[in-house]
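To start, the structure itself, in C-alpha cells.
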Amino acid sequence: MIPIVSATLFLPLLGAALLAAWRGAPPRAAHALGIAFSGLALLGAAWLWARGASGEGFSQVEEVAWIPSLGVAYRVGVDGISLPLVLMTAVLFFVSLVFSAGIRERARSYVALFLLLETASLGVFVALDAVLFYVFFEVTLVGMYFIISGWGYEDRQRAALMFFLYTLLGSLPLLLAILGLYLGSEPNTFDMRELIANPPLTGLAATLALLAMLVTFFVKTPVFPLHTWLPAAHVEAPTAGSVILAGVLLKLGTYGLVRFALQMTPDAFRDLAPYVAALAAFSALYGAFVALGQSDLKRLVAYTSVNHMGYVVLGVAVAAAATGARAVALDGAVLQMVSHGVVTGALFLLVGMLQDRAHTREMGAFGGLLGVVPGLGWAFVLAAFASLGLPGLAHFPAEFQIFLGTLRVYPPAVVAVLGIAVTAGLYLRAIQVAFLGEPRGERRKLRDLGARETLAVVPLLALTVLIGVVPSLVLGVIHATTEALLP
C-alpha cells in the first residue's frame with residue numbers, strides 16, 4: 001500500500017531539497033518546480049480526502065520506530081478534524097506559490113522556504129506523536145521568519161524578529177506540558193492516540209499542563225492580549241506570506257487547542273472553560289473594534305483575523321463543557337478554521353494585488369475601483385461579504401453553529417455576535433471608500449486581474465461559495481469525528 005500520508009507530507013520537502021541542491025536554478029524553473037511539488041502535495045491531500053476518515057479514532061495511520069527507548073515514533077494519520085485542515089493547507093500553499101511566480105529576487109530560496117514551510121505545516125496536522133508534533137510546530141517558525149525577513153516590506157526585520165521571539169518563547173510551555181503528559185502516562189508514551197484515549201493527568205497537574213498549553217496556543221492563534229505580534233507580521237510580510245500566516249499558521253494554535261487541551265486534559269479544560277469562553281468573546285470583539293479603526297486595508301484584514309479566531313476559541317471552549325451542545329460548537333469551530341483560511345487568504349491576495357499596482361494600502365488613496373478594475377473589485381466584495389458572515393458564504397454556517405452552541409451553554413458569551421455587526425460595518429466602509437465613487441487621479445490606469453492572479457484567487461472564491469452553499473461537504477467529515485469525540 002502506498003504511504004499516502006507520508007508522501008503528501010514530504011513531497012514539498014523533496015522539492016525544497018532539490019532547489020537547495022540546484023544552485024543555478026533560474027527563477028522561472030524554481031517557481032515551476034515549486035508549483036509542481038506543491039501541486040503533487042495537493043493531489044495527495046485530495047487522495048486522502050477521497051479515502052476519508054473513520055468516525056472513531058484516526059485512520060490512514062503510518063508508524064515507524066524513531067527513538068524506541070523513549071517511546072518516540074514517527075506516527076502520522078488523519079481524522080475528521082485534521083483532514084479538512086490538511087486539504088485547506090495544500091490548497092493555500094499551491095495558490096500562494098502560483099501567485100508568487102512573478103518574484104525574481106532570490107526566487108530559488110523563496111520557493112524552497114515555502115516548500116519547507118508546507119511540509120512543517122502539514123506535519124502539525126497529521127502528527128500522532130507529541131514529540132513529532134512539537135518538532136513540526138517549531139520548524140514552521142523558521143520558514144516564516146526567513147520569508148518575512150527576506151521578502152517583506154520596509155520594517156520586515158523587526159516584524160520577523162517579533163514573530164519569531166513571541167512564538168518561540170510561547171511554545172516552550174507546550175514542551176513542558178508534553179513532558180508532563182509523558183511522565184504521567186503509564187507506561188510512559190508520547191503516542192497521542194494513547195494520551196487522548198487515556199488522559200494521564202488529573203487534579204493540579206492537569207490544570208498546570210492545561211495552562212501551559214493555553215499560553216502556547218493563545219500566542220499562536222492569537223488571543224488577546226497575546227496577539228501583539230500579529231499586525232506587524234501581517235503588514236510587513238510579503239503577500240503570499242500573509243496568506244499562509246493567516247490561513248495556515250494561526251490554525252496551528254486552534255488545532256492544538258482541540259488536539260491537546262480538549263482531548264488530553266478534558267476535565268481541567270471543563271473547569272476553566274467559562275473563563276476561556278469569556279476571554280475568547282472579548283478577543284473577538286476587540287479584534288472587530290480595532291479593525292474598525294484601521295485605514296490600512298492589510299492591517300484591517302489582520303485584525304479581523306483576531307476577531308474570527310476568537311470565535312474559533314469560543315467554539316472550542318463551549319465544546320469543553322459537558323453538555324449536549326458540544327459537538328455543534330466544535331463542528332462550527334473546525335469549519336471556521338477552514339473557512340477563515342479560504343476567505344482571509346483570498347482577502348490578503350487581493351489586498352496584495354492592489355498594493356502591487358498602487359504602491360499603497362490606504363483606503364483613502366483609492367476610490368471607484370469597481371469601475372477601474374472590476375474583476376479585482378468584485379472579487380474583493382465577494383470575499384469581504386464572506387468575512388462579514390453573509391448567508392450563502394463560507395463563514396455563515398461555521399459562525400451559526402458556534403453561536404448556537406454558545407447560546408445553549410454560556411449565554412452571556414453570545415455578546416461576541418456583536419463582532420459580526422462591527423465587521424459588517426468595517427467592510428462596507430472599506431468597499432464604499434475604496435471601490436465606489438469616482439477613481440482618483442492615476443488610479444484610473446490600474447490594470448485588472450492577470451491570468452496568474454486569477455488562477456490564484458478564483459479557487460479560494462469558489463471554495464468560499466461552495467462551503468457556504470453546501471457546508472455538509474465539509475461538516476459531514478468533521479461531524480463523524482466530533483460526534484464520537486464528544487458523545
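Naming scheme: A, B, ... for chains in displayed order of the C-alpha cells; residues 1 onward per chain; ligands 1 onward as shown.
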
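Summary of the local environment: counting only C-alpha atoms, residues at most 9 Å from Gly437 in chain A, other than itself and those fewer than 4 positions away along its chain, are Gly367, Gly368, Leu369, Leu370, Gly371, Gln432 and Val433 of chain A.
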
* Contacts of Leu19 in chain A at 7 Å or less, counting only C-alpha atoms, minus same-chain residues fewer than 2 places along, as an MDAnalysis selection string? -> chainID A and resid 15:17 21:22 30 108 112

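The residue set within 9 Å of Val422 in chain A, counting only C-alpha atoms and dropping same-chain residues fewer than 5 places from it, reads Leu285, Ala288, Phe289, Ala291, Leu292, Leu388 and Tyr427 of chain A.
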
* **Atom-to-atom span, CA of Leu245 in chain A and CA of Val342 in chain A, Å** => 12.2 Å

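Each of A:Leu300, A:Ala346, A:Val417, A:Leu176 was compared to Ala379 in chain A using only C-alpha atoms, and A:Ala346 turns out to be the nearest.
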
* Within 10 Å of Gly450 in chain A, counting only C-alpha atoms, which residues show up once you throw out same-chain ones fewer than 4 positions away? Write them as an MDAnalysis selection string, please. => chainID A and resid 353 375:376 454:456

Need the shell around Asp296 in chain A: protein/DNA/RNA residues with any atom at most 10 Å away, counting only C-alpha atoms. Skip same-chain ones fewer than 5 positions apart. Format as a PDB file with C-alpha atoms, in the first residue's frame?
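That gives us selection.pdb:
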ATOM      1  CA  VAL A 235       1.671  44.122   7.419  1.00  0.00           C
ATOM      2  CA  ALA A 291     -10.170  46.647  12.774  1.00  0.00           C
ATOM      3  CA  VAL A 301      -7.823  42.254   7.436  1.00  0.00           C
ATOM      4  CA  ALA A 302      -5.161  41.302  10.007  1.00  0.00           C
ATOM      5  CA  VAL A 351      -5.037  43.489  -0.988  1.00  0.00           C
ATOM      6  CA  THR A 360      -0.299  51.892  -1.121  1.00  0.00           C
ATOM      7  CA  ARG A 361      -2.846  50.128   1.069  1.00  0.00           C
ATOM      8  CA  GLU A 362      -4.602  53.250   2.384  1.00  0.00           C
ATOM      9  CA  MET A 363      -8.331  53.131   1.631  1.00  0.00           C
ATOM     10  CA  GLY A 364      -8.468  56.911   1.201  1.00  0.00           C
ATOM     11  CA  ALA A 430     -13.893  49.794   3.012  1.00  0.00           C
TER      12      ALA A 430
END

Spatial neighbours of Leu85 in chain A, max dist 8 Å, only C-alpha atoms, sep filter under 2 positions, as an mmCIF file with N, CA and C atoms, in the first residue's frame:
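Output file selection15.cif is given in full below:
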data_model
loop_
_atom_site.group_PDB
_atom_site.id
_atom_site.type_symbol
_atom_site.label_atom_id
_atom_site.label_comp_id
_atom_site.auth_asym_id
_atom_site.auth_seq_id
_atom_site.Cartn_x
_atom_site.Cartn_y
_atom_site.Cartn_z
ATOM 1 N N ILE A 81 -11.146 15.903 12.021
ATOM 2 C CA ILE A 81 -10.738 17.254 12.400
ATOM 3 C C ILE A 81 -9.521 17.690 11.592
ATOM 4 N N SER A 82 -8.551 16.823 11.456
ATOM 5 C CA SER A 82 -7.320 17.197 10.756
ATOM 6 C C SER A 82 -7.448 17.131 9.239
ATOM 7 N N LEU A 83 -8.289 16.239 8.720
ATOM 8 C CA LEU A 83 -8.359 16.037 7.271
ATOM 9 C C LEU A 83 -8.761 17.312 6.508
ATOM 10 N N LEU A 87 -6.258 19.426 3.674
ATOM 11 C CA LEU A 87 -6.643 19.831 2.321
ATOM 12 C C LEU A 87 -6.584 21.346 2.170
ATOM 13 N N MET A 88 -7.069 22.081 3.173
ATOM 14 C CA MET A 88 -7.003 23.549 3.131
ATOM 15 C C MET A 88 -5.560 24.035 3.027
ATOM 16 N N THR A 89 -4.668 23.422 3.801
ATOM 17 C CA THR A 89 -3.254 23.806 3.783
ATOM 18 C C THR A 89 -2.650 23.585 2.408
ATOM 19 N N PHE A 125 -0.569 18.903 11.419
ATOM 20 C CA PHE A 125 -1.936 18.378 11.332
ATOM 21 C C PHE A 125 -2.005 16.855 11.268
ATOM 22 N N MET A 337 -12.223 27.286 11.118
ATOM 23 C CA MET A 337 -10.794 27.236 10.787
ATOM 24 C C MET A 337 -10.605 27.138 9.275
ATOM 25 N N VAL A 338 -11.384 26.274 8.656
ATOM 26 C CA VAL A 338 -11.266 26.078 7.210
ATOM 27 C C VAL A 338 -11.751 27.321 6.467
#

* For range 137-153 of chain A: contacts at 9 Å, only C-alpha atoms, fewer than 5 positions along chain excluded, given as a ChimeraX atom specification -> /A:105,110,113-121,123-124,132,158-161,163-164,167-168,171,233-239,241-242,244-245,249,252

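Computed from the coordinates, the CA of Ala394 in chain A to CA of Ser339 in chain A distance equals 5.4 Å.
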
* What does the distance from CA of Leu181 in chain A to CA of Val223 in chain A come to in Å, to one decimal? -> 24.3 Å

* Residue set, range 252-444 of chain A restricted to helix (DSSP H, G or I), as a PyMOL selection string -> chain A and resi 252-264+266-292+297-320+326-358+363-365+369-372+374-387+395-409+411-435+441-444
